[in-house]
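Take a look at the structure below.
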Amino acid sequence: MKVLNYIRKRFFSSPIDAFLTLSIGYLIYLTIPPLINWTLIDATFSGNTKKDCVAGGACWVFVKMWFNRFLYGLYPNEEIWRINFAFSILIISIIVYRFLNPKFKKYLFIFLVLPFPILSLILFSGGLLGLPTVDTSEWGGLFLTLVISIFAIIFCFPIGVLLAMGRKSNLPVIKYFSIGFIEFWRGVPLITVLFMAGVMFPLLLPSGTNLDKLVRVIIAITLFEAAYMAEVIRGGLQAVGRGQYDASKAIGMGYWKSHIFIILPQALKLVIPGIANTFIALFKDTPLVFVVGLLEILGMVNLAKTNPYWLGMATEGYVFVAFVYWIFCFAMSRYSLSIEEKLKTTN
Amino acid sequence: MGNIIQLNNVNKWYGDFHVLKDINFEVNEKEKVVICGPSGSGKSTLIRCINRLEEHQKGEIVVDGMALDENTKNISAIRSEVGMVFQQFNLFPHLSILENCSLAQIWVKKKTKKDSESLAMDYLRKVQIEDQALKFPGQLSGGQQQRAAIARALCMEPKIMLFDEPTSALDPEMIKEVLDVMVDLAKGGMTMCVVTHEMGFAKEVADRVVFMDEGYIVEAKKTNDFFQNPENDRTKLFLSQIL
Ligand SMILES: Nc1ncnc2c1ncn2[C@@H]1O[C@H](COP(=O)(O)OP(=O)(O)OP(=O)(O)O)[C@@H](O)[C@H]1O
Ligand SMILES: [Mg+2]
């Protein structure tokens, strides 16, 4: 009885409510069962060629056979342990991080943000300590997605902070440089920026100098996203009252100390959702690196689906990529929420 | 006893608006000066010029022997000699009361965390909120917040304390607890410059009272004189309204 009452109150309290409830129910009935049939019930999981897929549903054999390529790109199979090793350390560190006491947390955080990515890059490229060199043109798949987004995220954040502060600076040179920089990068589409970085930029360099394509692409994405980050953070800076600036100046803190200890902690806290948004957008922009011939996970799927033995597997590939992207984006979104919650309770 | 604060012919504009007009003003060491006047007369602007939260365009300001102008390099050093208490408290909301009081000691005065916190606790005890040390500003009453703000300023061990209407944002029942702290501070020999409309406080602790109107210092006198023989009509009018 209670349940019936509850249902009536929540879903059928007025004719419009009842109509909405019924039509949404009908939509769910139309879409969900076929989707489940396709992805699970009629799907094929075992086998190792396209011919094994006869059930009519999704052919996950495709994803299974190409799994390593989707994850690692064209990275040589016998060197894949390097990637697994670095990412295992990353995952273990993140788990350990939660249980550390605050004192060590700080050091682990600094290690993860600076030395660790550099060391990983050296490990991935090889050429040292008897590790064979793996050219960045062989990097690909989810591995490449993560390398690009992690580096771009790490660098675009501090640059964004500096640009946001620069835009509010009293020094005209710094102010107009920041405004010009932000408006330039916000005004051009990422795909052209990547094209310029990948194809045009080398032509402008003096011959003989050579900056790796992947590095150029990471720099381009970093600067592009830094401009967006700057505007998000500027919103936070503007929301911190003038009294906070006055008070920190009045106790003798200069520009940098005021910002580091007083203004930025408050400003950043206010714009955590916007920062998370920018990171997620950055992550989802990475497939565009295909314009310079880099194949991250979506690029690898596009490559695989044109393989003569696997024609017609595009849907499975795209669903898989969508799922992987969703997991990462959802995780970022949850993580930002949890930070928000944590900062709320201490204040 | 020399002048620890000296303003000669100070003028300040906000754009075209002339806020401070030919201000001549001095404060001796250990002197307590109360500044009063109608809203918009430039009181806040005047004391904010003393620690250069505002810049003046003409005239000279000398604080503890150091002239404040565009060339002043060690502005932070001067500011840490001059404590300031604001109408809106302006505590740092993301830091505990103890951190509010120790942060600048650590990063400006380069003291150890331990020393800074023990001094902070001394001052929090002095303003009687040592039991609130670990709370955040948002968890304190207005009166407690203002006392914390006073403690924060005192932690820098300033030679001069500036107060800008420290009790105007408080509920009546909390005004006294803040004024008591200020009276104590005055009796301890601090040099103080207080913008306030609390004439009871002025009569009790001020050596001199300065009356401002429309950017001018209209009248500046010994406290008794000020209340008993105001000369200017505007002063008389103001006093008749406020007493
Ligand atoms: N940043 C500013 N820009 C422009 N005008 C300002 C600025 N700050 C203050 N003023 C103006 O300068 C005048 C003096 O302001 P000030 O705050 O010094 O007055 P006050 O005597 O402290 O008044 P109150 O009792 O209301 O605090 C006012 O008319 C005010 O509108
Ligand atoms: Mg004022």
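Labeling convention for the structure tokens: chains A, B, ... as they appear, residues from 1 per chain, ligands from 1 in order of appearance.
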Could you make a table, as JSON lines, of the residues of chain B that have an atom within 6 Å of an atom of chain A, each with its nearest atom pair and distance in Å to one decimal, counting only C-alpha atoms, in chain and number order?
{"residue": "B:Ser76", "atom": "CA", "partner": "A:Gly252", "partner_atom": "CA", "distance": 4.5}
{"residue": "B:Arg79", "atom": "CA", "partner": "A:Gly252", "partner_atom": "CA", "distance": 4.9}
{"residue": "B:Ser80", "atom": "CA", "partner": "A:Gly252", "partner_atom": "CA", "distance": 4.6}
{"residue": "B:Asn90", "atom": "CA", "partner": "A:Gly243", "partner_atom": "CA", "distance": 5.5}
Considering only C-alpha atoms, return as a PyMOL selection string whatever protein or nucleic-acid residues lie within 7 Å of B:Phe89, sequence-local ones (same chain, fewer than 5 positions apart) excluded.
chain B and resi 145-146+149
DSSP on the backbone: what in stretch 32-193 of chain B comes out alpha helix (DSSP H), as a PyMOL selection string?
chain B and resi 43-50+75-81+97-107+113-126+142-154+172-187
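Counting only C-alpha atoms and all ligand atoms, the residue from B:Gln105, B:Ser96, B:Gln132, B:Ser168 that sits nearest to ligand 2 is B:Ser168.
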Hey, which residues sit close to ligand 1? Say within 10 Å, counting only C-alpha atoms and all ligand atoms, and write them as a PyMOL selection string.
chain B and resi 12-20+35-49+54+87+164-165+168+195-197+212-215
Do a neighbour search on stretch 272-285 of chain A at 6 Å with only C-alpha atoms, toss out local chain neighbours closer than 2 positions, and write the hits as an mmCIF file with N, CA and C atoms, in the first residue's frame.
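Done, and the output landed in part08.cif:
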data_model
loop_
_atom_site.group_PDB
_atom_site.id
_atom_site.type_symbol
_atom_site.label_atom_id
_atom_site.label_comp_id
_atom_site.auth_asym_id
_atom_site.auth_seq_id
_atom_site.Cartn_x
_atom_site.Cartn_y
_atom_site.Cartn_z
ATOM 1 N N SER A 149 46.698 13.551 -22.191
ATOM 2 C CA SER A 149 45.844 14.316 -21.274
ATOM 3 C C SER A 149 46.510 14.549 -19.926
ATOM 4 N N LYS A 269 38.812 26.880 -4.957
ATOM 5 C CA LYS A 269 37.745 26.091 -4.356
ATOM 6 C C LYS A 269 36.393 26.443 -4.972
ATOM 7 N N LEU A 270 36.206 27.725 -5.245
ATOM 8 C CA LEU A 270 34.930 28.153 -5.821
ATOM 9 C C LEU A 270 34.708 27.603 -7.226
ATOM 10 N N PRO A 287 41.084 12.868 -29.154
ATOM 11 C CA PRO A 287 41.016 12.153 -30.442
ATOM 12 C C PRO A 287 41.383 13.024 -31.634
ATOM 13 N N LEU A 288 41.284 14.359 -31.471
ATOM 14 C CA LEU A 288 41.599 15.240 -32.588
ATOM 15 C C LEU A 288 43.053 15.137 -33.034
ATOM 16 N N CYS A 329 35.830 9.863 -17.743
ATOM 17 C CA CYS A 329 35.193 11.157 -17.489
ATOM 18 C C CYS A 329 34.335 11.107 -16.236
#
Among stretch 20-183 of chain B, which ones does DSSP assign to strand (DSSP E) (computed from the backbone)? Answer as a VMD selection string.
chain B and resid 20 to 28 32 to 36 58 to 63 66 to 67 82 to 85 160 to 164
Residue selection dump (C-alpha atoms) as a compact mmCIF listing (two decimals), in the first residue's frame:
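Saved result, again-v3.txt, follows:
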# COMPACT_ATOMS: atom_id res chain seq x y z
CA LEU B 20 41.30 63.78 0.89
CA LYS B 21 42.00 67.49 0.90
CA ASP B 22 45.17 68.99 2.37
CA ILE B 23 45.32 66.55 5.24
CA ASN B 24 47.79 67.44 7.97
CA PHE B 25 47.76 64.85 10.66
CA GLU B 26 50.20 63.35 13.09
CA VAL B 27 50.17 60.68 15.73
CA ASN B 28 52.74 60.52 18.50
CA LYS B 32 45.43 57.14 20.81
CA VAL B 33 43.58 59.13 18.20
CA VAL B 34 39.92 58.70 17.34
CA ILE B 35 38.71 59.79 13.90
CA CYS B 36 35.04 60.49 13.40
CA LYS B 58 50.06 64.58 -3.36
CA GLY B 59 51.79 65.40 -0.10
CA GLU B 60 53.86 63.13 2.09
CA ILE B 61 53.16 60.35 4.52
CA VAL B 62 55.89 59.19 6.89
CA VAL B 63 55.35 56.13 9.06
CA MET B 66 59.82 55.71 6.39
CA ALA B 67 58.22 57.79 3.65
CA VAL B 82 51.14 48.61 11.19
CA GLY B 83 48.29 46.33 12.20
CA MET B 84 44.86 46.91 10.77
CA VAL B 85 41.40 45.83 11.86
CA ILE B 160 50.76 50.97 15.42
CA MET B 161 47.22 49.64 15.25
CA LEU B 162 44.64 51.05 12.83
CA PHE B 163 40.95 50.32 13.35
CA ASP B 164 38.33 51.07 10.72
Contacts of A:Ile41 at 12 Å (only C-alpha atoms; same-chain gap of 2+ positions) as a list of chain:residue names:
A:Pro33, A:Pro34, A:Leu35, A:Ile36, A:Asn37, A:Trp38, A:Thr39, A:Ala43, A:Thr44, A:Phe45, A:Ala55, A:Gly56, A:Gly57, A:Ala58, A:Cys59, A:Trp60
Could you please determine the separation between atom CA of A:Val61 and atom CA of A:Thr49 in Å, to one decimal place?
6.9 Å
Measure the distance from atom CA of B:Lys135 to atom CA of B:Lys176 in Å and round it to one decimal.
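Distance reported for this atom pair: 22.4 Å.
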Nearest to B:Ile4 by atom-to-atom distance, counting only C-alpha atoms, from B:Leu170, B:Ile150, B:Ala206, B:Met192
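Using only C-alpha atoms, the shortest distance to B:Ile4 belongs to B:Met192.
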Would you compute the distance between atom CA of A:Gly160 and atom CA of A:Ile327? Give it in Å to one decimal.
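Computing it gives 26.0 Å between the two atoms.
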Residue with smallest distance to ligand 2 - pool B:Met199, B:Ala169, B:Ile175, B:Ile5, counting only C-alpha atoms and all ligand atoms
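Nearest to ligand 2: B:Ala169.
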Residue neighbourhood A:Phe151, 9 Å, only C-alpha atoms, exclusion window fewer than 2 positions, as number ranges by chain
A: 117, 146-149, 153-156, 218-219, 222
Go ahead and save the residues from that selection, with C-alpha atoms, as a compact mmCIF listing (two decimals), in the first residue's frame.
# COMPACT_ATOMS: atom_id res chain seq x y z
CA PRO A 117 55.74 11.82 -15.37
CA LEU A 146 46.46 9.20 -21.14
CA VAL A 147 49.95 10.49 -21.88
CA ILE A 148 48.57 13.48 -23.76
CA SER A 149 45.84 14.32 -21.27
CA ILE A 153 46.37 18.67 -17.47
CA ILE A 154 49.51 18.98 -15.34
CA PHE A 155 50.84 21.90 -17.38
CA CYS A 156 47.67 23.74 -18.35
CA ILE A 218 51.08 18.24 -26.06
CA ILE A 219 52.34 21.82 -26.00
CA THR A 222 48.30 22.59 -23.11
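Considering the residues B:Ile129, B:Leu140, B:Val10, B:Val194 and counting only C-alpha atoms and all ligand atoms, ligand 2 has its shortest atom-to-atom contact with B:Val194.
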Residue nearest ligand 2 among B:Phe86, B:Arg147, B:Asn229, B:His56 (counting only C-alpha atoms and all ligand atoms):
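Looking at the shortest contact to ligand 2, the residue is B:Phe86.
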